[in-house]
Every structure is written in structure tokens, then in C-alpha cells.
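Q: Pasting upload_35.cif below, which is mmCIF, C-alpha atoms, pLDDT in the B column; chains and numbers go by the auth columns.
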```cif
data_start
loop_
_atom_site.group_PDB
_atom_site.id
_atom_site.type_symbol
_atom_site.label_atom_id
_atom_site.label_comp_id
_atom_site.label_asym_id
_atom_site.label_seq_id
_atom_site.Cartn_x
_atom_site.Cartn_y
_atom_site.Cartn_z
_atom_site.B_iso_or_equiv
_atom_site.auth_seq_id
_atom_site.auth_asym_id
ATOM 1 C CA MET A 1 22.847 26.675 179.761 53.00 24 A
ATOM 2 C CA ASN A 2 26.249 25.430 180.736 53.00 25 A
ATOM 3 C CA VAL A 3 28.587 28.418 180.973 48.00 26 A
ATOM 4 C CA THR A 4 31.543 26.424 179.670 50.00 27 A
ATOM 5 C CA LYS A 5 29.600 25.315 176.576 51.00 28 A
ATOM 6 C CA TRP A 6 28.415 28.884 175.981 46.00 29 A
ATOM 7 C CA ILE A 7 31.952 30.256 176.196 48.00 30 A
ATOM 8 C CA GLY A 8 33.230 27.507 173.890 52.00 31 A
ATOM 9 C CA SER A 9 30.563 28.147 171.311 56.00 32 A
ATOM 10 C CA GLY A 10 31.278 31.864 171.487 55.00 33 A
ATOM 11 C CA ILE A 11 34.989 31.320 170.884 52.00 34 A
ATOM 12 C CA GLY A 12 34.184 29.023 167.941 53.00 35 A
ATOM 13 C CA ALA A 13 31.967 31.665 166.417 53.00 36 A
ATOM 14 C CA VAL A 14 34.686 34.237 166.809 51.00 37 A
ATOM 15 C CA LEU A 15 37.231 31.898 165.197 48.00 38 A
ATOM 16 C CA LEU A 16 34.885 31.175 162.279 50.00 39 A
ATOM 17 C CA THR A 17 34.275 34.881 161.807 53.00 40 A
ATOM 18 C CA ALA A 18 38.020 35.524 161.923 52.00 41 A
ATOM 19 C CA CYS A 19 38.672 32.834 159.286 52.00 42 A
ATOM 20 C CA ALA A 20 35.982 34.232 157.047 53.00 43 A
ATOM 21 C CA SER A 21 37.372 37.734 157.452 65.00 44 A
ATOM 22 C CA SER A 22 40.897 36.524 156.742 66.00 45 A
ATOM 23 C CA GLY A 23 39.782 34.824 153.521 69.00 46 A
ATOM 24 C CA ASP A 24 37.866 37.907 152.469 75.00 47 A
ATOM 25 C CA VAL A 25 40.911 40.098 153.069 70.00 48 A
ATOM 26 C CA GLU A 26 43.132 37.773 151.039 74.00 49 A
ATOM 27 C CA ARG A 27 40.623 37.792 148.194 77.00 50 A
ATOM 28 C CA ARG A 28 40.476 41.576 148.199 77.00 51 A
ATOM 29 C CA ILE A 29 44.276 41.803 148.255 77.00 52 A
ATOM 30 C CA ALA A 30 44.488 39.417 145.299 75.00 53 A
ATOM 31 C CA GLU A 31 41.909 41.452 143.352 77.00 54 A
ATOM 32 C CA SER A 32 43.748 44.668 144.147 74.00 55 A
ATOM 33 C CA GLN A 33 47.051 43.180 143.007 76.00 56 A
ATOM 34 C CA ALA A 34 45.425 41.997 139.772 74.00 57 A
ATOM 35 C CA ARG A 35 44.041 45.475 139.098 74.00 58 A
ATOM 36 C CA THR A 36 47.431 47.022 139.839 70.00 59 A
ATOM 37 C CA GLU A 37 49.176 44.612 137.461 70.00 60 A
ATOM 38 C CA GLN A 38 46.637 45.423 134.740 72.00 61 A
ATOM 39 C CA LYS A 39 47.260 49.130 135.203 64.00 62 A
ATOM 40 C CA ILE A 40 51.028 48.594 135.035 68.00 63 A
ATOM 41 C CA GLU A 41 50.643 46.583 131.825 65.00 64 A
ATOM 42 C CA SER A 42 48.388 49.278 130.370 62.00 65 A
ATOM 43 C CA VAL A 43 50.848 52.052 131.233 58.00 66 A
ATOM 44 C CA ALA A 44 53.742 50.014 129.802 59.00 67 A
ATOM 45 C CA ALA A 45 51.814 49.526 126.557 58.00 68 A
ATOM 46 C CA GLN A 46 51.063 53.254 126.353 60.00 69 A
ATOM 47 C CA VAL A 47 54.729 54.107 126.925 54.00 70 A
ATOM 48 C CA GLU A 48 55.766 51.660 124.201 59.00 71 A
ATOM 49 C CA ASP A 49 53.218 53.164 121.818 53.00 72 A
ATOM 50 C CA LEU A 50 54.491 56.692 122.523 51.00 73 A
ATOM 51 C CA GLN A 51 58.070 55.568 121.940 53.00 74 A
ATOM 52 C CA GLU A 52 57.099 54.040 118.587 56.00 75 A
ATOM 53 C CA ARG A 53 55.310 57.247 117.583 52.00 76 A
ATOM 54 C CA GLN A 54 58.340 59.287 118.559 48.00 77 A
ATOM 55 C CA LYS A 55 60.597 57.077 116.456 51.00 78 A
ATOM 56 C CA ALA A 56 58.228 57.418 113.492 49.00 79 A
ATOM 57 C CA THR A 57 58.207 61.208 113.888 44.00 80 A
ATOM 58 C CA GLU A 58 62.002 61.286 113.973 46.00 81 A
ATOM 59 C CA VAL A 59 62.094 59.206 110.787 48.00 82 A
ATOM 60 C CA ARG A 60 59.712 61.623 109.034 51.00 83 A
ATOM 61 C CA VAL A 61 61.796 64.641 110.092 49.00 84 A
ATOM 62 C CA ASP A 62 64.968 62.963 108.817 56.00 85 A
ATOM 63 C CA GLU A 63 63.197 62.042 105.593 56.00 86 A
ATOM 64 C CA LEU A 64 61.985 65.602 105.075 56.00 87 A
ATOM 65 C CA SER A 65 65.450 67.116 105.374 62.00 88 A
ATOM 66 C CA ARG A 66 67.116 64.392 103.308 73.00 89 A
ATOM 67 C CA ASN A 67 64.521 64.398 100.523 73.00 90 A
ATOM 68 C CA ALA A 68 64.473 68.181 100.266 74.00 91 A
ATOM 69 C CA ALA A 69 68.246 68.510 100.363 76.00 92 A
ATOM 70 C CA GLU A 70 68.784 65.845 97.711 82.00 93 A
ATOM 71 C CA ALA A 71 66.094 67.304 95.462 76.00 94 A
ATOM 72 C CA LEU A 72 67.626 70.771 95.794 75.00 95 A
ATOM 73 C CA GLN A 73 71.073 69.442 94.959 79.00 96 A
ATOM 74 C CA ARG A 74 69.839 67.574 91.877 78.00 97 A
ATOM 75 C CA ALA A 75 67.907 70.590 90.591 71.00 98 A
ATOM 76 C CA THR A 76 70.833 72.914 91.179 73.00 99 A
ATOM 77 C CA GLU A 77 73.207 70.594 89.354 70.00 100 A
ATOM 78 C CA ALA A 78 70.741 70.398 86.461 69.00 101 A
ATOM 79 C CA GLY A 79 70.648 74.201 86.281 65.00 102 A
ATOM 80 C CA VAL A 80 66.865 74.422 86.546 63.00 103 A
ATOM 81 C CA LEU A 81 66.633 76.696 89.601 62.00 104 A
ATOM 82 C CA ALA A 82 66.697 80.457 89.569 55.00 105 A
ATOM 83 C CA LYS A 83 67.246 80.919 93.295 63.00 106 A
ATOM 84 C CA GLY A 84 68.181 77.448 94.478 64.00 107 A
ATOM 85 C CA GLN A 85 65.738 77.556 97.378 74.00 108 A
ATOM 86 C CA PHE A 86 63.441 75.029 99.034 77.00 109 A
ATOM 87 C CA VAL A 87 59.820 76.240 99.226 78.00 110 A
ATOM 88 C CA PHE A 88 57.789 73.398 100.754 79.00 111 A
ATOM 89 C CA GLN A 89 57.203 69.679 100.629 78.00 112 A
ATOM 90 C CA GLN A 90 53.871 67.916 100.160 80.00 113 A
ATOM 91 C CA THR A 91 53.404 64.265 101.063 79.00 114 A
ATOM 92 C CA PHE A 92 50.574 62.346 99.449 73.00 115 A
ATOM 93 C CA ALA A 93 50.117 59.324 101.662 62.00 116 A
ATOM 94 C CA GLU A 94 47.480 56.885 102.852 54.00 117 A
ATOM 95 C CA ASP A 95 45.029 59.584 103.925 55.00 118 A
ATOM 96 C CA ARG A 96 44.646 61.048 100.420 63.00 119 A
ATOM 97 C CA ILE A 97 46.454 59.005 97.780 66.00 120 A
ATOM 98 C CA ARG A 98 45.717 55.371 98.454 64.00 121 A
ATOM 99 C CA PHE A 99 47.983 53.359 96.205 71.00 122 A
ATOM 100 C CA SER A 100 47.018 49.731 96.390 74.00 123 A
ATOM 101 C CA THR A 101 49.713 47.100 96.554 76.00 124 A
ATOM 102 C CA ASP A 102 51.486 46.843 93.171 79.00 125 A
ATOM 103 C CA SER A 103 49.428 49.765 91.795 79.00 126 A
ATOM 104 C CA TYR A 104 50.191 53.268 90.545 83.00 127 A
ATOM 105 C CA ASP A 105 46.648 54.231 89.510 82.00 128 A
ATOM 106 C CA LEU A 106 45.251 57.498 90.891 83.00 129 A
ATOM 107 C CA SER A 107 41.882 57.228 92.637 81.00 130 A
ATOM 108 C CA ALA A 108 39.284 60.008 92.767 82.00 131 A
ATOM 109 C CA ASP A 109 40.522 60.968 96.245 82.00 132 A
ATOM 110 C CA ALA A 110 44.075 61.045 94.946 83.00 133 A
ATOM 111 C CA ARG A 111 43.159 63.326 92.078 88.00 134 A
ATOM 112 C CA GLY A 112 41.341 65.618 94.509 89.00 135 A
ATOM 113 C CA ALA A 113 44.446 65.886 96.683 88.00 136 A
ATOM 114 C CA ILE A 114 46.621 66.655 93.649 91.00 137 A
ATOM 115 C CA ASP A 115 44.107 69.273 92.486 93.00 138 A
ATOM 116 C CA GLU A 116 44.473 71.091 95.816 91.00 139 A
ATOM 117 C CA PHE A 117 48.258 70.862 95.590 90.00 140 A
ATOM 118 C CA ALA A 118 48.274 72.181 92.024 91.00 141 A
ATOM 119 C CA GLU A 119 46.224 75.236 92.986 92.00 142 A
ATOM 120 C CA LYS A 120 48.667 75.964 95.777 89.00 143 A
ATOM 121 C CA VAL A 121 51.626 75.651 93.412 88.00 144 A
ATOM 122 C CA LYS A 122 50.006 77.845 90.744 88.00 145 A
ATOM 123 C CA SER A 123 49.503 80.596 93.322 87.00 146 A
ATOM 124 C CA LEU A 124 53.274 80.797 93.784 83.00 147 A
ATOM 125 C CA ASP A 125 55.913 82.379 91.598 67.00 148 A
ATOM 126 C CA LYS A 126 56.172 81.126 87.988 72.00 149 A
ATOM 127 C CA GLY A 127 59.735 79.966 88.626 80.00 150 A
ATOM 128 C CA ILE A 128 58.609 76.984 90.702 85.00 151 A
ATOM 129 C CA TYR A 129 60.248 73.620 90.009 87.00 152 A
ATOM 130 C CA LEU A 130 58.866 70.282 91.244 89.00 153 A
ATOM 131 C CA GLU A 131 60.606 67.039 92.016 88.00 154 A
ATOM 132 C CA ILE A 132 58.044 64.253 92.432 90.00 155 A
ATOM 133 C CA GLN A 133 59.305 61.292 94.437 89.00 156 A
ATOM 134 C CA GLY A 134 57.755 57.817 94.458 90.00 157 A
ATOM 135 C CA PHE A 135 57.938 55.372 97.374 90.00 158 A
ATOM 136 C CA THR A 136 56.815 51.800 98.040 91.00 159 A
ATOM 137 C CA ASP A 137 56.520 49.326 100.874 91.00 160 A
ATOM 138 C CA ASP A 138 59.091 46.532 101.157 93.00 161 A
ATOM 139 C CA ARG A 139 57.098 43.819 99.387 92.00 162 A
ATOM 140 C CA GLY A 140 58.974 42.583 96.334 91.00 163 A
ATOM 141 C CA SER A 141 62.510 43.017 95.076 92.00 164 A
ATOM 142 C CA ALA A 142 64.459 46.276 95.165 92.00 165 A
ATOM 143 C CA LYS A 143 64.402 46.449 91.356 94.00 166 A
ATOM 144 C CA TYR A 144 60.630 45.986 91.217 94.00 167 A
ATOM 145 C CA ASN A 145 60.010 48.613 93.896 92.00 168 A
ATOM 146 C CA ASP A 146 62.286 51.106 92.170 94.00 169 A
ATOM 147 C CA MET A 147 60.198 50.684 89.013 94.00 170 A
ATOM 148 C CA LEU A 148 56.893 50.916 90.924 91.00 171 A
ATOM 149 C CA GLY A 149 57.995 54.057 92.788 91.00 172 A
ATOM 150 C CA GLN A 150 58.912 55.649 89.472 92.00 173 A
ATOM 151 C CA GLN A 151 55.511 54.767 87.992 92.00 174 A
ATOM 152 C CA ARG A 152 53.727 56.350 90.958 90.00 175 A
ATOM 153 C CA ALA A 153 55.707 59.551 90.622 92.00 176 A
ATOM 154 C CA GLU A 154 55.079 59.623 86.870 93.00 177 A
ATOM 155 C CA SER A 155 51.320 59.210 87.428 91.00 178 A
ATOM 156 C CA VAL A 156 51.294 62.381 89.495 92.00 179 A
ATOM 157 C CA ARG A 157 53.519 64.248 87.018 93.00 180 A
ATOM 158 C CA ARG A 158 51.309 63.348 84.051 94.00 181 A
ATOM 159 C CA TYR A 159 48.178 64.365 85.930 93.00 182 A
ATOM 160 C CA LEU A 160 49.650 67.743 86.907 94.00 183 A
ATOM 161 C CA SER A 161 50.605 68.341 83.290 94.00 184 A
ATOM 162 C CA SER A 162 47.393 67.168 81.603 94.00 185 A
ATOM 163 C CA GLN A 163 44.870 68.538 84.088 94.00 186 A
ATOM 164 C CA HIS A 164 46.630 71.643 85.425 94.00 187 A
ATOM 165 C CA LYS A 165 48.932 72.585 82.551 92.00 188 A
ATOM 166 C CA LEU A 166 52.038 72.589 84.707 91.00 189 A
ATOM 167 C CA PRO A 167 54.964 72.422 82.264 90.00 190 A
ATOM 168 C CA LEU A 168 56.648 69.036 82.040 90.00 191 A
ATOM 169 C CA GLY A 169 59.994 70.791 81.800 88.00 192 A
ATOM 170 C CA ARG A 170 59.517 72.191 85.305 88.00 193 A
ATOM 171 C CA MET A 171 58.883 68.774 86.840 90.00 194 A
ATOM 172 C CA SER A 172 61.114 65.758 87.339 89.00 195 A
ATOM 173 C CA THR A 173 60.514 62.363 88.912 90.00 196 A
ATOM 174 C CA ILE A 174 62.622 60.002 90.957 89.00 197 A
ATOM 175 C CA SER A 175 61.986 56.729 92.763 90.00 198 A
ATOM 176 C CA TYR A 176 63.213 55.969 96.255 90.00 199 A
ATOM 177 C CA GLY A 177 61.496 52.578 96.113 92.00 200 A
ATOM 178 C CA LYS A 178 61.451 50.965 99.525 92.00 201 A
ATOM 179 C CA THR A 179 64.592 52.658 100.846 88.00 202 A
ATOM 180 C CA LEU A 180 63.008 55.417 102.960 84.00 203 A
ATOM 181 C CA PRO A 181 59.958 54.022 104.774 89.00 204 A
ATOM 182 C CA ALA A 182 57.794 56.539 106.623 84.00 205 A
ATOM 183 C CA ALA A 183 56.400 53.797 108.892 88.00 206 A
ATOM 184 C CA THR A 184 57.056 50.179 109.775 91.00 207 A
ATOM 185 C CA ASN A 185 56.605 47.609 107.035 92.00 208 A
ATOM 186 C CA LYS A 186 55.613 45.005 109.636 93.00 209 A
ATOM 187 C CA THR A 187 51.952 46.039 109.625 92.00 210 A
ATOM 188 C CA ALA A 188 49.403 46.582 106.868 90.00 211 A
ATOM 189 C CA ALA A 189 48.782 50.141 108.092 87.00 212 A
ATOM 190 C CA GLY A 190 52.489 50.921 108.014 88.00 213 A
ATOM 191 C CA ARG A 191 52.925 49.501 104.516 88.00 214 A
ATOM 192 C CA ALA A 192 49.972 51.601 103.324 85.00 215 A
ATOM 193 C CA GLN A 193 51.705 54.755 104.602 86.00 216 A
ATOM 194 C CA ASN A 194 54.857 53.799 102.723 88.00 217 A
ATOM 195 C CA ARG A 195 53.021 53.531 99.394 87.00 218 A
ATOM 196 C CA ARG A 196 53.173 57.279 98.824 87.00 219 A
ATOM 197 C CA VAL A 197 54.330 60.146 96.659 89.00 220 A
ATOM 198 C CA VAL A 198 56.216 63.228 97.895 87.00 221 A
ATOM 199 C CA ALA A 199 56.388 66.469 95.903 87.00 222 A
ATOM 200 C CA VAL A 200 59.263 68.789 96.734 86.00 223 A
ATOM 201 C CA VAL A 201 58.644 72.376 95.595 86.00 224 A
ATOM 202 C CA LEU A 202 61.761 74.374 94.735 84.00 225 A
ATOM 203 C CA GLU A 203 62.289 77.922 93.543 80.00 226 A
#
```
What does this structure look like when you write it as C-alpha cells?
A:
Amino acid sequence: MNVTKWIGSGIGAVLLTACASSGDVERRIAESQARTEQKIESVAAQVEDLQERQKATEVRVDELSRNAAEALQRATEAGVLAKGQFVFQQTFAEDRIRFSTDSYDLSADARGAIDEFAEKVKSLDKGIYLEIQGFTDDRGSAKYNDMLGQQRAESVRRYLSSQHKLPLGRMSTISYGKTLPAATNKTAAGRAQNRRVVAVVLE
């Protein structure tokens, strides 16, 4: 075999191998970069989700203090409190009281949740006073939602009176309508959380 031809063919083989290796390396780099970008996007989405949850938590904390403080002030001004103290607040939301859109009817699950609440209230001092607050999502006019929030609160008040003999004179209702959302109204899940009732227990 001609030595020159053998050397030339050997060099060609080496060059072909080098080209193949180079292409393989580039492909692996591209795949690695794609995986890295996916991870970055995933982490960014998780961070955004955590930030949204934090904002929602802050809203609920603000709502708790505002609702309780306003309820306490109204009850004190009405002269219905013996001690003028906040005891606890119970929120009936999507997990237990599932108000459908435009509805104030109490489901079986809702009644069960109110039953548990009533037993807790009856175990406390007889001087307990309740303010029952109704809330809605942002669908519809402000006037309509104020009315619907009031109807939801009244449903709970009537049930507590008829089924648990809590005196009507120790309970009041108020509607916040759509003014204090607990979650975003941009999603169906968020709107469901906003269709709720809150009971503030005062002493």
C-alpha cells in the first residue's frame, strides 16, 4: 500500500471523527442550555407563585384586623358588648360554604360547618355577640353585590337562630359586597374564595 495514500486516508478519518465529535459536542451543549433555560423558567414560575401567595396572605391578615376592628367598633357603639373584646373570627369560604354565583343558599356542607361553629360559640360565655359579614366576588354591580352579601350573611344568621337557638338579638349582619376580596377575582378559584361569610365573635 502506498504510504502517502495510507497517511492521507488516516488524516481524513481523523478529520471526519473530529467533525462528528464537534457536532456531538454542540448538540450536547444545546441540550444542556435548553435544560438550564427550562429550570430557570420553572424557578421563576415558583418564585412568582410564592410572591402571589404572600400577597394573598397579607391581604387576609389585613382583612382580619380590619373586619374585627370595625365589628368591635360597631358593637361598642350599639351598646351590645359587656367587655368590648374580640374573641375570634371564623371564615366560611370555598372549602366549607360553597356559595354558587348569584346564590345565598346553604348547602349540606355549609350547614355542617355552621353546626360546628355554633357548638364552639355555645361553649363560650353567654355574653357572646356575633357580627356576620357577607362577601361576594366582583361580578355584577356594587349595589347588587351589597345586596347579595347581605343575603348570604342573613342566611347564616337565620340558620344559627332556627337550628341552634342563638338569640337574634345577639347577632347582626353586614355586607362588604365585593370591597374586600380574599383572593384575586381574575380566576374562577379566586372568585369562589371571595363568595364567603365571616363571623366575628365578640364578648
Q: If you count all atoms listed in the file, which residues fall within 12 Å of region 157-159 of chain A, apart from same-chain ones fewer than 5 positions away, as a PyMOL selection string?
A: chain A and resi 86+90+114-117+120-127+164-180+195-208+213-223
Q: Applying 9 Å and all atoms listed in the file, which residues near Tyr152 (chain A) remain after dropping the ones on its own chain fewer than 4 positions away? List them as a ChimeraX atom specification.
A: /A:98,103-104,192-195,223-226
Q: How far is it from CA of Ile137 (chain A) to CA of Ala91 (chain A), in Å with one decimal?
A: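 These two atoms are separated by 19.1 Å.
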Q: Between CA of Ala92 (chain A) and CA of Lys149 (chain A), measure the distance and give it in Å to one decimal.
A: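 Calculated distance between CA of Ala92 (chain A) and CA of Lys149 (chain A) is 21.4 Å.
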Q: How far is it from CA of Lys143 (chain A) to CA of Asp160 (chain A), in Å with one decimal?
A: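 One can read the CA of Lys143 (chain A) to CA of Asp160 (chain A) distance as 28.2 Å.
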Q: Rank nothing, just name the residue among A:Leu95, A:Ala53, A:Leu153, A:Ala212 nearest to Phe140 (chain A), using only C-alpha atoms.
A: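 Checking each candidate against Phe140 (chain A), we get A:Leu153 as the closest.
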Q: Could you tell me which of A:Lys209, A:Arg134, A:Arg50, A:Arg89 comes closest to Arg181 (chain A) if we count all atoms listed in the file?
A: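 For Arg181 (chain A), the nearest of the candidates is A:Arg134.
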Q: Of the candidates A:Val110, A:Lys188, A:Gln56, A:Leu183, which shows the shortest atom-to-atom distance to Leu147 (chain A), using all atoms listed in the file?
A: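 Among the listed residues, A:Val110 lies closest to Leu147 (chain A).
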Q: May I ask which of the residues A:Ile155, A:Gly163, A:Leu189, A:Asp128 is the closest one to Glu142 (chain A), counting only C-alpha atoms?
A: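 Answer, going by the shortest atom-to-atom distance: A:Leu189.
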